[in-house]
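J.: Contents of target_31.cif (mmCIF, C-alpha atoms and all ligand atoms):
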```
data_start
loop_
_atom_site.label_atom_id
_atom_site.label_comp_id
_atom_site.auth_asym_id
_atom_site.auth_seq_id
_atom_site.Cartn_x
_atom_site.Cartn_y
_atom_site.Cartn_z
CA MET A 1 0.00 0.00 0.00
CA ALA A 2 2.99 2.32 0.01
CA LYS A 3 2.51 5.23 -2.29
CA ARG A 4 5.33 4.73 -4.72
CA SER A 5 4.97 8.23 -6.12
CA ASP A 6 6.06 9.67 -2.78
CA LEU A 7 9.50 8.23 -3.27
CA THR A 8 10.11 9.74 -6.66
CA SER A 9 8.18 12.96 -6.54
CA ARG A 10 9.92 16.31 -6.42
CA PRO A 11 10.81 17.78 -3.05
CA ASN A 12 7.94 19.32 -1.24
CA ARG A 13 7.75 22.85 -2.52
CA ARG A 14 7.15 24.48 0.81
CA THR A 15 10.04 22.63 2.43
CA ARG A 16 12.30 23.57 -0.43
CA ARG A 17 11.36 27.20 -0.15
CA GLN A 18 11.92 27.14 3.59
CA ILE A 19 15.31 25.55 3.20
CA LEU A 20 16.39 28.02 0.56
CA ALA A 21 15.06 30.89 2.64
CA GLU A 22 17.27 29.84 5.52
CA SER A 23 20.37 29.27 3.44
CA ASP A 24 21.31 29.25 -0.21
CA THR A 25 24.81 27.96 0.33
CA CYS A 26 25.35 24.96 -1.89
CA ILE A 27 26.24 21.80 0.00
CA LEU A 28 28.43 20.59 -2.82
CA CYS A 29 30.60 23.51 -3.92
CA GLY A 30 30.06 25.78 -0.92
CA HIS A 31 29.10 28.85 -2.92
CA ASN A 32 25.85 30.67 -2.42
CA GLY A 33 23.06 31.14 -4.95
CA ALA A 34 21.74 27.58 -4.74
CA ASP A 35 18.33 27.35 -6.35
CA ALA A 36 17.44 23.73 -5.70
CA VAL A 37 17.23 21.36 -2.78
CA ASP A 38 18.58 17.85 -2.76
CA HIS A 39 18.66 14.94 -0.37
CA ILE A 40 21.92 14.67 1.53
CA ILE A 41 21.36 10.92 1.67
CA PRO A 42 19.20 9.87 -1.29
CA VAL A 43 15.91 8.26 -0.44
CA ALA A 44 17.02 5.27 -2.48
CA ARG A 45 19.96 4.88 -0.08
CA GLY A 46 17.84 5.06 3.02
CA GLY A 47 17.53 8.82 3.38
CA THR A 48 14.34 10.38 4.60
CA GLU A 49 12.11 13.17 3.42
CA ASP A 50 12.90 14.99 6.62
CA PRO A 51 14.08 18.59 6.12
CA ASP A 52 17.23 17.62 8.03
CA ASN A 53 18.10 15.39 5.09
CA LYS A 54 17.68 18.17 2.57
CA ALA A 55 20.06 20.94 1.75
CA PRO A 56 20.53 23.69 -0.83
CA ILE A 57 22.33 22.77 -4.01
CA HIS A 58 22.84 24.35 -7.42
CA GLY A 59 20.23 23.12 -9.85
CA THR A 60 19.91 23.27 -13.60
CA LYS A 61 21.18 26.84 -13.84
CA GLY A 62 24.41 25.87 -12.16
CA CYS A 63 26.66 27.87 -9.87
CA ARG A 64 27.38 31.43 -10.91
CA THR A 65 30.69 31.34 -9.07
CA CYS A 66 32.28 28.10 -10.25
CA GLY A 67 29.92 27.12 -13.06
CA ARG A 68 29.29 23.62 -11.79
CA LYS A 69 25.89 22.04 -12.03
CA CYS A 70 26.14 20.54 -8.62
CA ASN A 71 22.85 18.70 -8.58
CA SER A 72 23.61 16.84 -11.80
CA GLU A 73 27.14 16.11 -10.63
CA LYS A 74 25.85 14.74 -7.40
CA GLY A 75 23.20 12.64 -9.10
CA ASP A 76 21.74 10.10 -6.73
CA ARG A 77 24.87 9.52 -4.70
CA PRO A 78 25.01 10.38 -1.02
CA LEU A 79 26.73 13.68 -0.39
CA PRO A 80 29.63 12.25 1.67
CA GLU A 81 30.44 9.96 -1.24
CA VAL A 82 30.37 12.78 -3.75
CA LYS A 83 32.52 15.00 -1.58
CA LEU A 84 35.00 12.20 -1.11
CA VAL A 85 35.32 11.77 -4.84
CA THR A 86 35.39 15.41 -5.79
CA SER A 87 36.87 17.26 -2.83
CA ARG A 88 40.21 17.61 -4.56
CA ASP A 89 38.59 19.64 -7.29
CA TRP A 90 37.03 22.05 -4.84
CA TYR A 91 40.03 22.79 -2.69
CA THR A 92 43.07 22.36 -4.93
CA LYS A 93 44.13 24.90 -7.47
ZN ZN A 101 27.10 24.32 -6.03
ZN ZN A 102 30.08 26.89 -6.92
#
```
Could I get this structure in the form of structure tokens?
Ligand SMILES: [Zn+2]
Ligand SMILES: [Zn+2]

T.:
Amino acid sequence: MAKRSDLTSRPNRRTRRQILAESDTCILCGHNGADAVDHIIPVARGGTEDPDNKAPIHGTKGCRTCGRKCNSEKGDRPLPEVKLVTSRDWYTK
């Protein structure tokens, strides 16, 4: 009886707006201007729909500072995994 659509639907709009209102600092690249919200731990990996599991991230428009499209780079991987893989790019010049 689980509503499968709940697992794949877009983030709740009100939650997303609240999260972005509190902070627009992207969890992936650390720059501000994030316009989307993503799960820190994807629901498919056991994450929840709780606002604590959601954070600002750059969406389809990408980051104006570094140009990355963080949400597409992150994909459906958990944030710690993505940061592990990509942290060199963020902090090394
Ligand atoms: Zn970003
Ligand atoms: Zn950036």

J.: Write out as a Markdown table a residue-level contact list of chain A versus ligand ZN 101 (chain A) with cut-off 12 Å: for each qualifying residue the closest pair of atoms and the distance in Å to one decimal, counting only C-alpha atoms and all ligand atoms, rows sorted by chain and residue number upward.

T.:
```
| residue | atom | partner | partner_atom | distance |
| --- | --- | --- | --- | --- |
| A:Asp24 | CA | A:ZN101 | ZN | 9.6 |
| A:Thr25 | CA | A:ZN101 | ZN | 7.7 |
| A:Cys26 | CA | A:ZN101 | ZN | 4.5 |
| A:Ile27 | CA | A:ZN101 | ZN | 6.6 |
| A:Leu28 | CA | A:ZN101 | ZN | 5.1 |
| A:Cys29 | CA | A:ZN101 | ZN | 4.2 |
| A:Gly30 | CA | A:ZN101 | ZN | 6.1 |
| A:His31 | CA | A:ZN101 | ZN | 5.8 |
| A:Asn32 | CA | A:ZN101 | ZN | 7.4 |
| A:Gly33 | CA | A:ZN101 | ZN | 8.0 |
| A:Ala34 | CA | A:ZN101 | ZN | 6.4 |
| A:Asp35 | CA | A:ZN101 | ZN | 9.3 |
| A:Ala36 | CA | A:ZN101 | ZN | 9.7 |
| A:Val37 | CA | A:ZN101 | ZN | 10.8 |
| A:Asp38 | CA | A:ZN101 | ZN | 11.2 |
| A:Ala55 | CA | A:ZN101 | ZN | 11.0 |
| A:Pro56 | CA | A:ZN101 | ZN | 8.4 |
| A:Ile57 | CA | A:ZN101 | ZN | 5.4 |
| A:His58 | CA | A:ZN101 | ZN | 4.5 |
| A:Gly59 | CA | A:ZN101 | ZN | 8.0 |
| A:Thr60 | CA | A:ZN101 | ZN | 10.5 |
| A:Lys61 | CA | A:ZN101 | ZN | 10.1 |
| A:Gly62 | CA | A:ZN101 | ZN | 6.9 |
| A:Cys63 | CA | A:ZN101 | ZN | 5.2 |
| A:Arg64 | CA | A:ZN101 | ZN | 8.6 |
| A:Thr65 | CA | A:ZN101 | ZN | 8.5 |
| A:Cys66 | CA | A:ZN101 | ZN | 7.7 |
| A:Gly67 | CA | A:ZN101 | ZN | 8.1 |
| A:Arg68 | CA | A:ZN101 | ZN | 6.2 |
| A:Lys69 | CA | A:ZN101 | ZN | 6.5 |
| A:Cys70 | CA | A:ZN101 | ZN | 4.7 |
| A:Asn71 | CA | A:ZN101 | ZN | 7.5 |
| A:Ser72 | CA | A:ZN101 | ZN | 10.1 |
| A:Glu73 | CA | A:ZN101 | ZN | 9.4 |
| A:Lys74 | CA | A:ZN101 | ZN | 9.8 |
| A:Lys83 | CA | A:ZN101 | ZN | 11.7 |
| A:Trp90 | CA | A:ZN101 | ZN | 10.3 |
```

J.: Select, from A:Gly75, A:Val82, A:Glu22, A:Arg16, the residue with the minimum atom-to-atom distance to Glu49 (chain A), counting only C-alpha atoms.

T.: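 Comparing A:Gly75, A:Val82, A:Glu22, A:Arg16 against Glu49 (chain A), the winner is A:Arg16.
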
J.: Just to confirm, what's the straight-line distance from CA of Pro80 (chain A) to CA of Val43 (chain A) in Å (one decimal)?

T.: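 So the two atoms, CA of Pro80 (chain A) and CA of Val43 (chain A), lie 14.4 Å apart.
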
J.: Quick one: distance from CA of Asn53 (chain A) to atom ZN of ligand ZN 102 (chain A) in Å, one decimal?

T.: 20.5 Å

J.: Quick check, in Å to one decimal: how far apart do CA of Thr48 (chain A) and CA of Glu81 (chain A) lie?

T.: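 These two atoms are separated by 17.1 Å.
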
J.: So which one's closest to His39 (chain A), A:Leu84, A:Asp52, A:Arg14, A:Ser23? Using all atoms listed in the file, please.

T.: A:Asp52
